[in-house]
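Engineer: Take a look at the following structure, please.
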Amino acid sequence: MASNDEGALWSIFGYLISGLLIWGGIGMALDHWFDKGHHWFTLGGFLLGMGASLYLVWLRFGRE
Amino acid sequence: MGDRVRSFQFSGEGFVPPSTADFNLPPAFGHSEYTTKPVFLVFLSIIVVSAFFIAASRKAAIVPSKLQFAGESIYSFVRHDLGEEIIGHEFMRFVPFLFTLFTFVLTNNVFGIVPFLQFPAMSHVGFPYVLALFSFFIFHAVGIKKQGLGKYLRGIAFMPGVPKFVYILLTPIEIATFFIVRPLTLSLRLFANMFAGHLLLLVFITGGDYMLHDSHTFLKILSPFSFTMGIGMTFFEFMVQCLQAYIITLLTALFIAGALADEH
């Protein structure tokens with residue numbers, strides 16, 4: 001089972017990164033697009049991405 | 001390196017720290033970027049790996065020679081610990097690829113500390129990119145062949161047992177993980193480790209050389225410490241080099257195993 005744990009470690013790492021990248025990126029794009037001089041969408045995007053990827057990690061690895 | 005070191009001694013402008021410029025070695029002949037040291041090292045590594053394993057397996061005996069034992073140990077490590085343990089009963093199809101990947105990366109990494117070679121080709125990001133592309137295509141092809149294109153993509157994008165609206169949140173993350181982050185982290189991890197390691201050795205060894213030749217007496221006395229660190233870091237690098245060869249092969253095996261599994 002040790003190898004599976006190692007696999008889980010790297011998958012979790014990947015999920016956390018892509019959550020931040022995707023939703024943080026969408027937030028930044030929205031801020032850039034609306035151009036209101038604030039960065040609330042970026043912040044929201046990062047938080048959303050973090051939350052979603054943690055949820056995803058829980059779904060994949062924490063449910064059983 | 002020789003020119004660098006000499007230029008320190010005569011310039012008298014203080015220590016020039018190693019930078020990315022030290023990785024762009026001039027072509028050995030002509031002006032082509034295909035005749036630089038990393039390219040030759042990659043070809044050399046192919047020759048070394050082939051020669052070693054041909055020599056190790058040519059006279060296979062029941063009571064193995066030392067050479068045969070060494071070759072068989074590496075092979076059985078990849079086959080058993082990286083193939084069978086992780087991929088499961090279909091592992092034999094992937095052992096040739098995993099074995100090639102492991103020995104190729106290991107040899108190229110260790111070239112980073114072999115005297116006179118002393119350059120890890122994987123510190124040029126193009127080489128890890130190609131290796132990651134191989135892994136990328138293989139693990140997706142395996143998944144598509146095993147499960148069918150539609151089922152495979154559905155398995156990636158839609159996690160079972162989740163309310164429908166949550167997919168808006170999760171599907172982009174899943175797709176990005178499988179198609180962007182996985183190949184990217186696979187290659188960047190190897191690249192960054194080799195790059196940083198080589199830079200570290202350059203700092204301590206060219207730094208020690210500078211202190212010895214080109215500075216105050218006080219620094220001259222301290223220069224052995226820099227060389228000692230350089231030697232210590234060389235051993236540390238050897239560990240990192242082996243570890244990174246292991247990790248890229250391990251992750252490739254894990255991705256293949258994930259693609260073969262019906263349910264995630």
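Going through the structure tokens in order, the chains are called A, B, and so on, while each chain numbers its residues from 1 and the ligands are numbered from 1 in the order shown.
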Need to verify the contact set: Gly230 of chain B, 12 Å, only C-alpha atoms, exclusion of same-chain residues closer than 2 positions in sequence. Can you return it as a list of chain:residue names?

Structural biologist: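 Listing them by chain and then by number gives B:Ile113, B:Gly197, B:His198, B:Leu199, B:Leu200, B:Leu201, B:Leu202, B:Val203, B:Phe204, B:Ile205, B:Thr206, B:Gly207, B:Gly208, B:Asp209, B:Ser223, B:Pro224, B:Phe225, B:Ser226, B:Phe227, B:Thr228, B:Gly232, B:Met233, B:Thr234, B:Phe235, B:Phe236, B:Glu237.
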
Engineer: Could you pull the residues within 12 Å of Thr252 of chain B, counting only C-alpha atoms, minus those fewer than 2 positions along the same chain, as a PyMOL selection string?

Structural biologist: (chain A and resi 7+10) or (chain B and resi 82-83+86-87+94-95+97-99+101-102+131-140+142+182-183+185-187+245-250+254-259)

Engineer: Which residues of chain B are close to chain A, meaning at most 9 Å apart when you count only C-alpha atoms, and how do they look as a PyMOL selection string?

Structural biologist: chain B and resi 81-82+85-86+159+161-162+166+169-170+172-178+180-182+185+250-251+254-255+264

Engineer: Restricted to N, CA and C atoms, what would the selected residues look like written as a short mmCIF file (atom, residue, chain, number, x, y, z; two decimals), in the first residue's frame?

Structural biologist:
```
data_model
loop_
_atom_site.label_atom_id
_atom_site.label_comp_id
_atom_site.auth_asym_id
_atom_site.auth_seq_id
_atom_site.Cartn_x
_atom_site.Cartn_y
_atom_site.Cartn_z
N ASP B 81 9.37 -3.36 -8.35
CA ASP B 81 8.94 -2.26 -7.49
C ASP B 81 8.16 -1.19 -8.24
N LEU B 82 8.51 -0.97 -9.51
CA LEU B 82 7.81 0.08 -10.25
C LEU B 82 6.74 -0.49 -11.17
N GLU B 85 4.27 -3.90 -8.67
CA GLU B 85 3.66 -3.38 -7.45
C GLU B 85 2.60 -2.33 -7.76
N ILE B 86 2.84 -1.53 -8.78
CA ILE B 86 1.99 -0.37 -9.00
C ILE B 86 0.96 -0.63 -10.09
N MET B 159 -16.71 12.98 -11.67
CA MET B 159 -16.58 12.14 -10.49
C MET B 159 -17.95 11.59 -10.11
N GLY B 161 -21.14 10.15 -7.99
CA GLY B 161 -21.69 10.37 -6.66
C GLY B 161 -21.58 11.80 -6.17
N VAL B 162 -21.76 12.75 -7.08
CA VAL B 162 -21.69 14.15 -6.69
C VAL B 162 -22.90 14.85 -7.31
N VAL B 166 -22.25 20.63 -8.92
CA VAL B 166 -20.86 20.68 -8.44
C VAL B 166 -19.87 20.46 -9.58
N LEU B 169 -17.83 23.22 -10.90
CA LEU B 169 -16.67 23.58 -10.10
C LEU B 169 -15.52 22.59 -10.31
N LEU B 170 -15.87 21.31 -10.37
CA LEU B 170 -14.83 20.28 -10.31
C LEU B 170 -14.29 19.85 -11.67
N PRO B 172 -13.51 21.44 -14.53
CA PRO B 172 -12.32 22.13 -15.04
C PRO B 172 -11.04 21.74 -14.30
N ILE B 173 -11.16 21.51 -13.00
CA ILE B 173 -9.98 21.14 -12.23
C ILE B 173 -9.48 19.77 -12.65
N GLU B 174 -10.42 18.83 -12.81
CA GLU B 174 -10.03 17.47 -13.21
C GLU B 174 -9.36 17.50 -14.58
N ILE B 175 -9.95 18.23 -15.51
CA ILE B 175 -9.39 18.26 -16.87
C ILE B 175 -8.02 18.90 -16.85
N ALA B 176 -7.89 20.01 -16.12
CA ALA B 176 -6.58 20.67 -16.04
C ALA B 176 -5.55 19.75 -15.40
N THR B 177 -5.97 18.99 -14.37
CA THR B 177 -5.02 18.09 -13.71
C THR B 177 -4.50 17.04 -14.68
N PHE B 178 -5.41 16.43 -15.42
CA PHE B 178 -5.00 15.30 -16.27
C PHE B 178 -4.26 15.75 -17.53
N ILE B 180 -2.92 19.13 -18.22
CA ILE B 180 -1.91 20.19 -18.16
C ILE B 180 -0.95 19.96 -17.00
N VAL B 181 -1.52 19.85 -15.80
CA VAL B 181 -0.66 19.83 -14.61
C VAL B 181 0.20 18.58 -14.54
N ARG B 182 -0.37 17.42 -14.89
CA ARG B 182 0.40 16.18 -14.79
C ARG B 182 1.65 16.17 -15.66
N THR B 185 4.10 19.06 -14.34
CA THR B 185 4.83 18.81 -13.09
C THR B 185 5.84 17.69 -13.27
N LEU B 250 8.26 6.36 -11.32
CA LEU B 250 7.16 6.00 -10.42
C LEU B 250 5.86 6.69 -10.83
N LEU B 251 5.95 7.99 -11.11
CA LEU B 251 4.74 8.73 -11.46
C LEU B 251 4.17 8.24 -12.79
N LEU B 254 2.36 5.20 -12.05
CA LEU B 254 1.11 5.50 -11.35
C LEU B 254 0.05 6.03 -12.30
N PHE B 255 0.47 6.87 -13.25
CA PHE B 255 -0.49 7.40 -14.22
C PHE B 255 -1.04 6.28 -15.09
N HIS B 264 -11.93 5.36 -10.65
CA HIS B 264 -10.85 6.07 -9.97
C HIS B 264 -10.99 5.92 -8.46
#
```

Engineer: Given the choices B:Ala55, B:Ile74, B:Met92, B:Val110, which gets closest to Val42 of chain B if the distance is worked out from only C-alpha atoms?

Structural biologist: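 So, comparing all the options, the nearest one is B:Val110.
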
Engineer: Show which residues sit within 10 Å of Phe52 of chain B, as a ChimeraX atom specification. Count only C-alpha atoms, and ignore same-chain residues fewer than 6 positions away.

Structural biologist: /B:46,67-68,70-71

Engineer: Which distance in Å separates atom CA of Val105 of chain B and atom CA of Ile54 of chain B, to one decimal?

Structural biologist: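 Between atom CA of Val105 of chain B and atom CA of Ile54 of chain B the gap works out to 18.2 Å.
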
Engineer: Excluding His39 of chain A and residues on its chain fewer than 2 positions from it, collect all residues at most 12 Å away from it, counting only C-alpha atoms, and give them as a list in words.

Structural biologist: Gly24, Gly25, Ile26, Gly27, Met28, Ala29, Leu30, Asp31, His32, Trp33, Phe34, Asp35, Lys36, Gly37, Phe41, Thr42, Leu43, Gly44, Gly45 and Phe46 of chain A

Engineer: Output C-alpha atoms for every residue in the selection just made, as a tab-separated table (two decimals), in the first residue's frame.

Structural biologist:
```tsv
chain	number	residue	atom	x	y	z
A	24	GLY	CA	-7.62	31.71	-9.86
A	25	GLY	CA	-6.96	32.17	-13.57
A	26	ILE	CA	-10.65	32.65	-14.31
A	27	GLY	CA	-10.86	35.19	-11.49
A	28	MET	CA	-7.89	37.10	-12.81
A	29	ALA	CA	-9.33	37.05	-16.31
A	30	LEU	CA	-12.61	38.46	-14.99
A	31	ASP	CA	-10.83	41.24	-13.10
A	32	HIS	CA	-8.80	42.02	-16.17
A	33	TRP	CA	-11.92	42.05	-18.32
A	34	PHE	CA	-14.08	44.25	-16.11
A	35	ASP	CA	-11.14	46.47	-15.27
A	36	LYS	CA	-12.71	48.08	-12.20
A	37	GLY	CA	-9.44	48.58	-10.41
A	41	PHE	CA	-12.59	38.22	-8.57
A	42	THR	CA	-8.97	37.07	-8.33
A	43	LEU	CA	-9.29	36.59	-4.59
A	44	GLY	CA	-12.64	34.86	-4.97
A	45	GLY	CA	-11.23	32.67	-7.72
A	46	PHE	CA	-8.29	31.53	-5.62
```
